[in-house]
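Asks: A single structure is presented below for examination.
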Amino acid sequence: MPTQQDLVSIAQALVAPGKGILAADESTGTIEKRFDSIKVENVEENRRAYRDMLFTTKGLGQYISGVILYDETLRQKSSDGTPFGELLKKQGILPGIKVDAGAKSLAFCPGETITEGLDGLSKRCAEYVKLGAKFAKWRAVITIGRDIPSRTCIQENAHALARYAAICQEAGLVPIVEPEVLMDGEHTIDRCEEVTEWTLNSVYDALYLDKVMLEGSVLKPSMVIAGKDSAKQASVEEVAERTIRTLKRTVPAAVAGIVFLSGGQSDELATAHLNAMNRMFQGKLPWPVSFSYGRALQQASLKAWKGSASNVAAGQAALLHRSRMNSLACSGRYSDKEEKQAKAA
Ligand code: 13P
């Protein structure tokens, strides 16, 4: 049975210097959207081949500390018969698992969702531990719009995140706590900052009530950013400043680390934002600040791969490149020059 110290060690390994997380836990429905963009059929063998391409990338463990998997993927194998969980361990990467059952509409709250999946969760966690998972993820979704988010939505999602985190820790999995404030919409960066502060305050209040050990947990927040349809977009520095200000106001210093989601930002902008935070606030923050990107790590790789075995090397080169750029951003050393040099090479 893992001890509290085991949880702390896993959480710290996830945010080790220069490393971040690859979110490859797209559900079967979500991966279909990604595959549609490269005209690849969404069947189990293609999903396996795609993840095999990603996970067999040589040297990935230099930049990636953990990979979040979907239930199906944790049970699949690499082409040589090695289960994906074991393959990742050989790369020095911790396997993790998405345990939520997705965001469903929240009763009496039009336009808002509650993440489901608490029923039977402790039993599922026990099975995932047996299958080799070391950490878990649960994503709550907060939408900004006219008259929303409601207090109901924020409270219920914070409560579910806390119940999930406590159940995971009891089972020996480090919980990644992911309250995503969506960037969809026309809202201002001020409104995003206000909603993010409210959400994170509510999340840490709920985690306290449910006795979650913060040192054995990791926060996966969205950045403070204007809505993607807003005419006024903030500079990279302003996003960095407001995001860090909000996190400092709300996230206890005991939390093992912070790993951002990319949420639909372009891959280079997601790297630039992370880089600015670490460049401007290095040595002044109580937690490591890193990445847990899905689209921002995979987009270029997916496009290079296009579902063909002959493009595996190109897909892997694209993934390794983005992973290295984000690793540099963890210490504020990413630059256009690095980006271009690597592309020219
Ligand atoms: P994106 O980086 O594509 O937002 O995905 C991260 C994630 O895990 C969303 O739950």
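Every chain in the structure tokens has a letter given in the order shown (A, B, ...), and although residue numbers restart at 1 in each chain, ligands are simply numbered from 1 in the order shown.
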Write out as a VMD selection string which residues come within 10 Å of Gly18 (chain A) when counting only C-alpha atoms, dropping same-chain ones fewer than 2 positions away.

Replies: chain A and resid 15 to 16 20 62 to 65 288 to 291 323 to 324 326 to 331

Asks: May I ask you to write as a PDB file with all heavy atoms, in the first residue's frame all residues lying at most 6 Å from ligand 1, with only C-alpha atoms and all ligand atoms counted?

Replies:
ATOM      1  N   ALA A  23      -0.473  15.144 -22.029  1.00  0.00           N
ATOM      2  CA  ALA A  23      -1.856  14.698 -21.864  1.00  0.00           C
ATOM      3  C   ALA A  23      -2.268  13.984 -23.149  1.00  0.00           C
ATOM      4  O   ALA A  23      -2.470  14.611 -24.180  1.00  0.00           O
ATOM      5  CB  ALA A  23      -2.773  15.886 -21.583  1.00  0.00           C
ATOM      6  N   ARG A 139     -11.058  16.382 -14.903  1.00  0.00           N
ATOM      7  CA  ARG A 139     -11.209  17.726 -15.463  1.00  0.00           C
ATOM      8  C   ARG A 139     -12.597  18.277 -15.178  1.00  0.00           C
ATOM      9  O   ARG A 139     -13.603  17.653 -15.546  1.00  0.00           O
ATOM     10  CB  ARG A 139     -10.971  17.683 -16.971  1.00  0.00           C
ATOM     11  CG  ARG A 139     -11.272  18.972 -17.726  1.00  0.00           C
ATOM     12  CD  ARG A 139     -10.862  18.784 -19.184  1.00  0.00           C
ATOM     13  NE  ARG A 139     -11.234  19.914 -20.027  1.00  0.00           N
ATOM     14  CZ  ARG A 139     -12.292  19.914 -20.841  1.00  0.00           C
ATOM     15  NH1 ARG A 139     -13.076  18.856 -20.930  1.00  0.00           N
ATOM     16  NH2 ARG A 139     -12.545  20.967 -21.586  1.00  0.00           N
ATOM     17  N   LEU A 261      -2.820  23.469 -18.586  1.00  0.00           N
ATOM     18  CA  LEU A 261      -3.399  22.884 -19.791  1.00  0.00           C
ATOM     19  C   LEU A 261      -3.242  23.924 -20.894  1.00  0.00           C
ATOM     20  O   LEU A 261      -3.013  25.105 -20.612  1.00  0.00           O
ATOM     21  CB  LEU A 261      -4.879  22.546 -19.557  1.00  0.00           C
ATOM     22  CG  LEU A 261      -5.818  23.674 -19.155  1.00  0.00           C
ATOM     23  CD1 LEU A 261      -6.482  24.302 -20.360  1.00  0.00           C
ATOM     24  CD2 LEU A 261      -6.847  23.202 -18.176  1.00  0.00           C
ATOM     25  N   SER A 262      -3.352  23.519 -22.154  1.00  0.00           N
ATOM     26  CA  SER A 262      -3.180  24.506 -23.230  1.00  0.00           C
ATOM     27  C   SER A 262      -4.530  25.057 -23.702  1.00  0.00           C
ATOM     28  O   SER A 262      -4.586  26.189 -24.198  1.00  0.00           O
ATOM     29  CB  SER A 262      -2.370  23.943 -24.394  1.00  0.00           C
ATOM     30  OG  SER A 262      -2.976  22.814 -24.971  1.00  0.00           O
ATOM     31  N   GLY A 263      -5.592  24.282 -23.596  1.00  0.00           N
ATOM     32  CA  GLY A 263      -6.957  24.788 -23.755  1.00  0.00           C
ATOM     33  C   GLY A 263      -7.343  25.355 -25.110  1.00  0.00           C
ATOM     34  O   GLY A 263      -8.323  26.085 -25.202  1.00  0.00           O
ATOM     35  N   GLY A 264      -6.572  25.062 -26.154  1.00  0.00           N
ATOM     36  CA  GLY A 264      -6.913  25.594 -27.474  1.00  0.00           C
ATOM     37  C   GLY A 264      -6.007  26.728 -27.921  1.00  0.00           C
ATOM     38  O   GLY A 264      -6.186  27.279 -29.010  1.00  0.00           O
ATOM     39  N   TYR A 293       0.275  19.615 -21.409  1.00  0.00           N
ATOM     40  CA  TYR A 293      -0.440  19.969 -22.630  1.00  0.00           C
ATOM     41  C   TYR A 293      -0.923  18.739 -23.401  1.00  0.00           C
ATOM     42  O   TYR A 293      -0.247  17.715 -23.458  1.00  0.00           O
ATOM     43  CB  TYR A 293       0.466  20.796 -23.556  1.00  0.00           C
ATOM     44  CG  TYR A 293       0.842  22.168 -23.025  1.00  0.00           C
ATOM     45  CD1 TYR A 293       1.988  22.820 -23.489  1.00  0.00           C
ATOM     46  CD2 TYR A 293       0.059  22.824 -22.072  1.00  0.00           C
ATOM     47  CE1 TYR A 293       2.342  24.078 -23.020  1.00  0.00           C
ATOM     48  CE2 TYR A 293       0.410  24.077 -21.605  1.00  0.00           C
ATOM     49  CZ  TYR A 293       1.548  24.708 -22.077  1.00  0.00           C
ATOM     50  OH  TYR A 293       1.900  25.951 -21.607  1.00  0.00           O
ATOM     51  N   GLY A 294      -2.094  18.890 -23.995  1.00  0.00           N
ATOM     52  CA  GLY A 294      -2.614  17.893 -24.910  1.00  0.00           C
ATOM     53  C   GLY A 294      -2.356  18.372 -26.327  1.00  0.00           C
ATOM     54  O   GLY A 294      -1.344  18.051 -26.950  1.00  0.00           O
ATOM     55  N   ARG A 295      -3.261  19.245 -26.799  1.00  0.00           N
ATOM     56  CA  ARG A 295      -3.147  19.733 -28.177  1.00  0.00           C
ATOM     57  C   ARG A 295      -1.825  20.443 -28.447  1.00  0.00           C
ATOM     58  O   ARG A 295      -1.211  20.242 -29.496  1.00  0.00           O
ATOM     59  CB  ARG A 295      -4.321  20.671 -28.481  1.00  0.00           C
ATOM     60  CG  ARG A 295      -5.605  19.928 -28.742  1.00  0.00           C
ATOM     61  CD  ARG A 295      -6.814  20.810 -28.607  1.00  0.00           C
ATOM     62  NE  ARG A 295      -7.101  21.136 -27.210  1.00  0.00           N
ATOM     63  CZ  ARG A 295      -8.107  21.900 -26.807  1.00  0.00           C
ATOM     64  NH1 ARG A 295      -8.907  22.442 -27.708  1.00  0.00           N
ATOM     65  NH2 ARG A 295      -8.320  22.124 -25.525  1.00  0.00           N
ATOM     66  N   ALA A 296      -1.359  21.276 -27.512  1.00  0.00           N
ATOM     67  CA  ALA A 296      -0.147  22.061 -27.770  1.00  0.00           C
ATOM     68  C   ALA A 296       1.114  21.200 -27.861  1.00  0.00           C
ATOM     69  O   ALA A 296       2.138  21.657 -28.364  1.00  0.00           O
ATOM     70  CB  ALA A 296       0.028  23.139 -26.699  1.00  0.00           C
TER      71      ALA A 296
END

Asks: Please indicate the distance in Å from CA of Leu182 (chain A) to CA of Val141 (chain A), rounded to one decimal place.

Replies: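 Separation between CA of Leu182 (chain A) and CA of Val141 (chain A): 6.9 Å.
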
Asks: Counting only C-alpha atoms, what is within 12 Å of region 312-315 of chain A, bar same-chain residues fewer than 4 positions away, as a PyMOL selection string?

Replies: chain A and resi 49-58+297-308+319-322

Asks: For Asp184 (chain A), please output as an mmCIF file with N, CA and C atoms, in the first residue's frame all residues within 9 Å (counting only C-alpha atoms; exclusion window: fewer than 5 positions along the same chain).

Replies:
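Result file is selection20.cif:
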data_model
loop_
_atom_site.group_PDB
_atom_site.id
_atom_site.type_symbol
_atom_site.label_atom_id
_atom_site.label_comp_id
_atom_site.auth_asym_id
_atom_site.auth_seq_id
_atom_site.Cartn_x
_atom_site.Cartn_y
_atom_site.Cartn_z
ATOM 1 N N THR A 143 -17.578 27.434 -17.636
ATOM 2 C CA THR A 143 -17.816 28.224 -18.847
ATOM 3 C C THR A 143 -18.144 29.666 -18.460
ATOM 4 N N ILE A 144 -17.532 30.614 -19.173
ATOM 5 C CA ILE A 144 -17.862 32.028 -18.965
ATOM 6 C C ILE A 144 -18.846 32.463 -20.047
ATOM 7 N N GLY A 145 -19.916 33.109 -19.624
ATOM 8 C CA GLY A 145 -20.902 33.590 -20.595
ATOM 9 C C GLY A 145 -21.827 34.570 -19.896
ATOM 10 N N GLY A 227 -11.097 35.819 -23.690
ATOM 11 C CA GLY A 227 -11.833 34.838 -24.478
ATOM 12 C C GLY A 227 -11.319 34.812 -25.917
ATOM 13 N N LYS A 228 -11.398 33.636 -26.563
ATOM 14 C CA LYS A 228 -10.756 33.561 -27.887
ATOM 15 C C LYS A 228 -11.469 34.411 -28.941
ATOM 16 N N ASP A 229 -12.735 34.774 -28.690
ATOM 17 C CA ASP A 229 -13.433 35.657 -29.630
ATOM 18 C C ASP A 229 -13.416 37.115 -29.184
ATOM 19 N N GLY A 264 -6.572 25.062 -26.154
ATOM 20 C CA GLY A 264 -6.913 25.594 -27.474
ATOM 21 C C GLY A 264 -6.007 26.728 -27.921
#

Asks: Write out as a PyMOL selection string each polymer residue whose atoms come within 10 Å of Thr246 (chain A), counting only C-alpha atoms; drop sequence neighbours fewer than 3 positions from it.

Replies: chain A and resi 193-194+196-198+200-201+223-224+241-243+249-251

Asks: Could you dump the residues just selected with N, CA and C atoms as a PDB file, in the first residue's frame?

Replies:
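Result file is result39.pdb:
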ATOM      1  N   GLU A 193      -9.904  36.526 -15.147  1.00  0.00           N
ATOM      2  CA  GLU A 193      -9.138  36.571 -13.893  1.00  0.00           C
ATOM      3  C   GLU A 193     -10.074  36.415 -12.685  1.00  0.00           C
ATOM      4  N   GLU A 194     -11.198  37.135 -12.757  1.00  0.00           N
ATOM      5  CA  GLU A 194     -12.172  37.087 -11.659  1.00  0.00           C
ATOM      6  C   GLU A 194     -12.733  35.664 -11.473  1.00  0.00           C
ATOM      7  N   THR A 196     -11.403  32.815 -12.576  1.00  0.00           N
ATOM      8  CA  THR A 196     -10.347  31.861 -12.196  1.00  0.00           C
ATOM      9  C   THR A 196     -10.055  31.966 -10.701  1.00  0.00           C
ATOM     10  N   GLU A 197     -10.015  33.198 -10.173  1.00  0.00           N
ATOM     11  CA  GLU A 197      -9.751  33.383  -8.738  1.00  0.00           C
ATOM     12  C   GLU A 197     -10.877  32.753  -7.894  1.00  0.00           C
ATOM     13  N   TRP A 198     -12.091  32.975  -8.308  1.00  0.00           N
ATOM     14  CA  TRP A 198     -13.257  32.427  -7.621  1.00  0.00           C
ATOM     15  C   TRP A 198     -13.202  30.883  -7.637  1.00  0.00           C
ATOM     16  N   LEU A 200     -10.581  28.821  -8.169  1.00  0.00           N
ATOM     17  CA  LEU A 200      -9.476  28.213  -7.419  1.00  0.00           C
ATOM     18  C   LEU A 200      -9.695  28.335  -5.913  1.00  0.00           C
ATOM     19  N   ASN A 201     -10.236  29.455  -5.468  1.00  0.00           N
ATOM     20  CA  ASN A 201     -10.555  29.591  -4.043  1.00  0.00           C
ATOM     21  C   ASN A 201     -11.539  28.513  -3.607  1.00  0.00           C
ATOM     22  N   MET A 223      -4.806  29.153 -18.057  1.00  0.00           N
ATOM     23  CA  MET A 223      -4.135  30.442 -17.871  1.00  0.00           C
ATOM     24  C   MET A 223      -5.181  31.568 -17.845  1.00  0.00           C
ATOM     25  N   VAL A 224      -4.804  32.700 -17.284  1.00  0.00           N
ATOM     26  CA  VAL A 224      -5.699  33.868 -17.291  1.00  0.00           C
ATOM     27  C   VAL A 224      -5.501  34.600 -18.617  1.00  0.00           C
ATOM     28  N   GLU A 241       1.701  37.679 -16.058  1.00  0.00           N
ATOM     29  CA  GLU A 241       1.565  38.418 -14.805  1.00  0.00           C
ATOM     30  C   GLU A 241       0.234  38.133 -14.102  1.00  0.00           C
ATOM     31  N   ARG A 242      -0.843  38.178 -14.864  1.00  0.00           N
ATOM     32  CA  ARG A 242      -2.176  37.968 -14.263  1.00  0.00           C
ATOM     33  C   ARG A 242      -2.352  36.521 -13.813  1.00  0.00           C
ATOM     34  N   THR A 243      -1.810  35.598 -14.592  1.00  0.00           N
ATOM     35  CA  THR A 243      -1.946  34.186 -14.217  1.00  0.00           C
ATOM     36  C   THR A 243      -1.222  33.927 -12.896  1.00  0.00           C
ATOM     37  N   ARG A 249      -2.625  34.177  -5.207  1.00  0.00           N
ATOM     38  CA  ARG A 249      -3.726  34.533  -4.310  1.00  0.00           C
ATOM     39  C   ARG A 249      -4.522  33.323  -3.843  1.00  0.00           C
ATOM     40  N   THR A 250      -4.413  32.231  -4.562  1.00  0.00           N
ATOM     41  CA  THR A 250      -5.369  31.146  -4.315  1.00  0.00           C
ATOM     42  C   THR A 250      -4.773  29.768  -4.036  1.00  0.00           C
ATOM     43  N   VAL A 251      -3.550  29.501  -4.528  1.00  0.00           N
ATOM     44  CA  VAL A 251      -3.024  28.126  -4.437  1.00  0.00           C
ATOM     45  C   VAL A 251      -2.045  28.017  -3.268  1.00  0.00           C
TER      46      VAL A 251
END
